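Heads up: the structure comes next, in structure tokens.
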Amino acid sequence: MIKINKIFATDKPFYKSVFKLVLPLIAMQAMFLILNFCDTIMLGRMDEEIAQTAISAAQIANRPFFLFGMLIFGSMSGATVLCSQYWGKKDIGTINSIAGTTLVFLLPISIIFTSICFIFTEKIMALLSNDPAIIELAAKYLRIMLVTFVLNAITSLFSGILRAVEKVIIPMIATLTGIVTNIILNAILIYGLLGFPAMGIRGAAVATVIARVVEMAIILIYIIFFEKTVKFTLKKMFKIHIIIIKDFFRYSIPTIINEFVWGFGTVIHSSIIGHMPKEEFGDPLAAYTISNLIEQIAFMTIIGFSTACCIIIGKAIGEGKDKETVEKYSRTFIGLAVLFSLITGGAAFISKSFIINIFNISGATKIYASQLFTVVTVFILLKTFNCVSIVGIFRGGGDTKTGMIIDSCSMYLLGIPLGFISMYFLKLDVAFVYMFLISDELFKLPVVLWRVKGGKWRRNITREKSEIER
């Protein structure tokens, strides 16, 4: 009989640390879900024809922002890998240097990304849809949203560093405040409440910009006046060491490529579905947008456990914990994430009819959405295992290249080509097209499992102070 304590961690301090990180992270993801849900509902409660166009427009207009978010997440993943292990060594000076290096990298990227999206707005939207009405609305939305790229980069940087040193309350408060602000302003500006003009989809974009300003202000006020652990200062942040720059790029470039390639792949998903012909009264893209809600519900758990896993695995290695303990931590994270994903994904699937019927969309679109809900639910456990392993275990252990290779090859050599063939040549229904698009999760499962069991992802990537300051 196999003993549980030989497979999973049983020490109470570990679980206390896990849920101290996971619960605020899940709360933040839940609020993001509520925000997206409210956005979609508010747009979806307009006149039926306008509602379906607005939902689809918001979906494709958010694709560039989503892609940029993946770039930020990739950069911060690399920084978190380093910071979590240096946090295990309690090397605060090096964590400041990593923060400064990351900021210097992110700001120019944010400005370039903003400029490209501003200059080529309509052309970018046309790549994601062939409907002129959707493209026009999406372009208006995106142009307003462009200012949030730089704001999000700054907020994500400091929130990510704080989470890497296990301080998640302030990022959570900032996120929740921004989201509540966003929801309230959405209602006011979309429908023209309290004497404001009804702005429709443009109102949703303006509300988002204001909310991102509020969120950034809370983070900056905290780190300038109240933060006592990392003690951010410009002098310490910009005391940048060449070896730290090299390490940042060594571990961040693979995660940036990984997230950008994966994010671009999901944009291709939207583009393939967005170019599917509308059947009578049915809109595949609107159905796809609505069905994404169930994936976001499951991702509350997946992202929460993946991020916490990366931090705790990295800290454990930095502290010098033995191989057996670190591997127990990794197996425990997988088990917990799968269990919680079953609960959240199952609850969403049971509620699918209620969720779909909230929207003022055609009967055919509702049928598409219901079918897509089923596809997403089936793949949730695969996504959970793969994401926690790649984003949490591999990255926390200092192995950032493996995930990049697995994700890129499986998505671009298998998932996307199969999805394209099923849409363009086989002309299958949207549910089958999407099933083939995300089938890469199935193909990469055995490779990820083999890598997790092999244990070669476990690496101490920290350096001694004498080596850093040389």
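Residues are referred to by chain and number: the chain letter is A, B, ... according to the order shown in the structure tokens, the number counts from 1 in that chain, and ligands are numbered separately from 1 in the order shown.
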| request: Would you kindly return, as a PyMOL selection string, each protein, DNA or RNA residue with an atom no farther than 8 Å from any atom of stretch 137-148 of chain A, considering only C-alpha atoms and excluding same-chain residues fewer than 2 positions away? | output: chain A and resi 54+57-58+60-62+114+117-118+121-122+125+133-135+150-152+201-202+204-206+208-209+212
| said: Can you pull out the residues contacting A:Gly263? Cut-off 9 Å, using only C-alpha atoms, and skip same-chain residues under 2 positions away; I want them as a count of residues only. | reply: 15
| message | Need to verify the contact set: stretch 73-88 of chain A, 7 Å, only C-alpha atoms, exclusion of same-chain residues closer than 4 positions in sequence. Can you return it as a list in words? | response | Gly69, Ile95, Ile98, Leu157, Gly160, Ile161, Ala164, Val165, Phe248, Tyr251, Ser252, Thr255, Ile256, Glu259, Cys310, Ile311, Gly314, Lys315, Ala316, Ile317, Gly318, Glu319, Arg395, Gly396, Gly398 and Thr462 of chain A
Per DSSP on the backbone, filter stretch 321-412 of chain A down to the residues in alpha helix (DSSP H) and report them as a PDB file with C-alpha atoms, in the first residue's frame.
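This is the output file selection_19.pdb:
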ATOM      1  CA  LYS A 323      15.163  16.996  -3.859  1.00  0.00           C
ATOM      2  CA  GLU A 324      12.531  14.717  -2.298  1.00  0.00           C
ATOM      3  CA  THR A 325      10.793  17.603  -0.519  1.00  0.00           C
ATOM      4  CA  VAL A 326      10.682  19.785  -3.633  1.00  0.00           C
ATOM      5  CA  GLU A 327       9.257  16.944  -5.708  1.00  0.00           C
ATOM      6  CA  LYS A 328       6.601  16.255  -3.043  1.00  0.00           C
ATOM      7  CA  TYR A 329       5.622  19.922  -3.254  1.00  0.00           C
ATOM      8  CA  SER A 330       5.262  19.628  -7.040  1.00  0.00           C
ATOM      9  CA  ARG A 331       3.025  16.548  -6.857  1.00  0.00           C
ATOM     10  CA  THR A 332       0.889  18.169  -4.165  1.00  0.00           C
ATOM     11  CA  PHE A 333       0.320  21.250  -6.297  1.00  0.00           C
ATOM     12  CA  ILE A 334      -0.838  19.121  -9.227  1.00  0.00           C
ATOM     13  CA  GLY A 335      -3.242  17.162  -7.010  1.00  0.00           C
ATOM     14  CA  LEU A 336      -4.721  20.290  -5.412  1.00  0.00           C
ATOM     15  CA  ALA A 337      -5.082  22.113  -8.739  1.00  0.00           C
ATOM     16  CA  VAL A 338      -6.855  19.179 -10.417  1.00  0.00           C
ATOM     17  CA  LEU A 339      -9.233  18.824  -7.464  1.00  0.00           C
ATOM     18  CA  PHE A 340     -10.155  22.520  -7.430  1.00  0.00           C
ATOM     19  CA  SER A 341     -10.485  22.613 -11.233  1.00  0.00           C
ATOM     20  CA  LEU A 342     -12.954  19.733 -11.049  1.00  0.00           C
ATOM     21  CA  ILE A 343     -15.030  21.709  -8.567  1.00  0.00           C
ATOM     22  CA  THR A 344     -14.987  25.070 -10.381  1.00  0.00           C
ATOM     23  CA  GLY A 345     -15.264  23.618 -13.888  1.00  0.00           C
ATOM     24  CA  GLY A 346     -18.026  21.261 -12.843  1.00  0.00           C
ATOM     25  CA  ALA A 347     -19.994  24.066 -11.213  1.00  0.00           C
ATOM     26  CA  ALA A 348     -19.683  26.174 -14.357  1.00  0.00           C
ATOM     27  CA  PHE A 349     -20.798  23.310 -16.583  1.00  0.00           C
ATOM     28  CA  ILE A 350     -23.846  22.596 -14.426  1.00  0.00           C
ATOM     29  CA  LYS A 352     -24.188  26.579 -18.422  1.00  0.00           C
ATOM     30  CA  SER A 353     -27.857  26.909 -19.396  1.00  0.00           C
ATOM     31  CA  PHE A 354     -28.397  29.670 -16.860  1.00  0.00           C
ATOM     32  CA  ILE A 355     -25.261  31.524 -18.031  1.00  0.00           C
ATOM     33  CA  ILE A 356     -26.125  31.258 -21.727  1.00  0.00           C
ATOM     34  CA  ASN A 357     -29.747  32.359 -21.257  1.00  0.00           C
ATOM     35  CA  GLY A 363     -31.280  30.441 -30.415  1.00  0.00           C
ATOM     36  CA  ALA A 364     -28.687  29.134 -32.873  1.00  0.00           C
ATOM     37  CA  THR A 365     -25.916  31.096 -31.130  1.00  0.00           C
ATOM     38  CA  LYS A 366     -27.042  29.660 -27.782  1.00  0.00           C
ATOM     39  CA  ILE A 367     -26.754  26.140 -29.206  1.00  0.00           C
ATOM     40  CA  TYR A 368     -23.209  26.884 -30.421  1.00  0.00           C
ATOM     41  CA  ALA A 369     -22.304  28.268 -26.981  1.00  0.00           C
ATOM     42  CA  SER A 370     -23.687  25.180 -25.205  1.00  0.00           C
ATOM     43  CA  GLN A 371     -21.657  22.876 -27.453  1.00  0.00           C
ATOM     44  CA  LEU A 372     -18.502  24.900 -26.864  1.00  0.00           C
ATOM     45  CA  PHE A 373     -19.090  24.797 -23.087  1.00  0.00           C
ATOM     46  CA  THR A 374     -19.014  21.005 -23.304  1.00  0.00           C
ATOM     47  CA  VAL A 375     -15.741  20.969 -25.281  1.00  0.00           C
ATOM     48  CA  VAL A 376     -14.056  23.343 -22.827  1.00  0.00           C
ATOM     49  CA  THR A 377     -15.201  21.267 -19.829  1.00  0.00           C
ATOM     50  CA  VAL A 378     -13.745  18.066 -21.271  1.00  0.00           C
ATOM     51  CA  PHE A 379     -10.314  19.683 -21.739  1.00  0.00           C
ATOM     52  CA  ILE A 380     -10.135  21.452 -18.355  1.00  0.00           C
ATOM     53  CA  LEU A 381      -8.254  18.707 -16.510  1.00  0.00           C
ATOM     54  CA  LEU A 382      -5.684  18.427 -19.294  1.00  0.00           C
ATOM     55  CA  LYS A 383      -5.155  22.198 -19.223  1.00  0.00           C
ATOM     56  CA  THR A 384      -4.810  22.117 -15.433  1.00  0.00           C
ATOM     57  CA  PHE A 385      -2.123  19.440 -15.376  1.00  0.00           C
ATOM     58  CA  ASN A 386      -0.158  20.981 -18.249  1.00  0.00           C
ATOM     59  CA  CYS A 387      -0.336  24.568 -16.977  1.00  0.00           C
ATOM     60  CA  ARG A 395       9.539  27.614 -14.092  1.00  0.00           C
ATOM     61  CA  GLY A 396       9.749  27.573 -10.297  1.00  0.00           C
ATOM     62  CA  LYS A 401      12.962  26.368 -21.833  1.00  0.00           C
ATOM     63  CA  THR A 402      11.114  23.048 -21.691  1.00  0.00           C
ATOM     64  CA  GLY A 403       7.653  24.609 -21.475  1.00  0.00           C
ATOM     65  CA  MET A 404       8.438  26.929 -24.376  1.00  0.00           C
ATOM     66  CA  ILE A 405       9.398  24.016 -26.612  1.00  0.00           C
ATOM     67  CA  ILE A 406       6.445  21.821 -25.628  1.00  0.00           C
ATOM     68  CA  ASP A 407       3.820  24.576 -25.952  1.00  0.00           C
ATOM     69  CA  SER A 408       5.154  25.942 -29.238  1.00  0.00           C
ATOM     70  CA  CYS A 409       5.501  22.594 -30.990  1.00  0.00           C
ATOM     71  CA  SER A 410       2.179  21.139 -29.854  1.00  0.00           C
TER      72      SER A 410
END
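Put simply, atom CA of A:Ile190 is 25.8 Å away from atom CA of A:Ala27.
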| said: Can you pull out the residues contacting A:Thr181? Cut-off 12 Å, using only C-alpha atoms, and skip same-chain residues under 3 positions away; I want them as a PyMOL selection string. | reply: chain A and resi 31+35+174-178+184-189+204+206-215
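Shortest atom-to-atom contact with A:Gly397 among A:Met435, A:Val452, A:Leu162, A:Met237: A:Val452, counting only C-alpha atoms.
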| message | To one decimal place in Å, what is the distance between atom CA of A:Ala153 and atom CA of A:Ile116? | response | 16.4 Å
A:Val388: which residues within 7 Å, counting only C-alpha atoms, same-chain residues fewer than 5 positions away excluded, as a PDB file with N, CA and C atoms, in the first residue's frame?
ATOM      1  N   ILE A 302      -6.526  27.340 -12.016  1.00  0.00           N
ATOM      2  CA  ILE A 302      -5.290  26.975 -12.714  1.00  0.00           C
ATOM      3  C   ILE A 302      -4.210  28.038 -12.535  1.00  0.00           C
ATOM      4  N   PHE A 305      -3.036  28.352  -8.700  1.00  0.00           N
ATOM      5  CA  PHE A 305      -2.119  27.298  -8.259  1.00  0.00           C
ATOM      6  C   PHE A 305      -0.802  27.323  -9.027  1.00  0.00           C
ATOM      7  N   SER A 306      -0.843  27.664 -10.320  1.00  0.00           N
ATOM      8  CA  SER A 306       0.395  27.726 -11.103  1.00  0.00           C
ATOM      9  C   SER A 306       1.329  28.807 -10.573  1.00  0.00           C
ATOM     10  N   ILE A 334      -0.053  19.704  -8.138  1.00  0.00           N
ATOM     11  CA  ILE A 334      -0.838  19.121  -9.227  1.00  0.00           C
ATOM     12  C   ILE A 334      -2.144  18.539  -8.693  1.00  0.00           C
ATOM     13  N   ILE A 393       5.712  24.277 -11.912  1.00  0.00           N
ATOM     14  CA  ILE A 393       6.817  23.392 -11.513  1.00  0.00           C
ATOM     15  C   ILE A 393       8.089  23.677 -12.294  1.00  0.00           C
TER      16      ILE A 393
END
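Pairwise distance (atom CA of A:Pro132, atom CA of A:Ser422) equals 24.8 Å.
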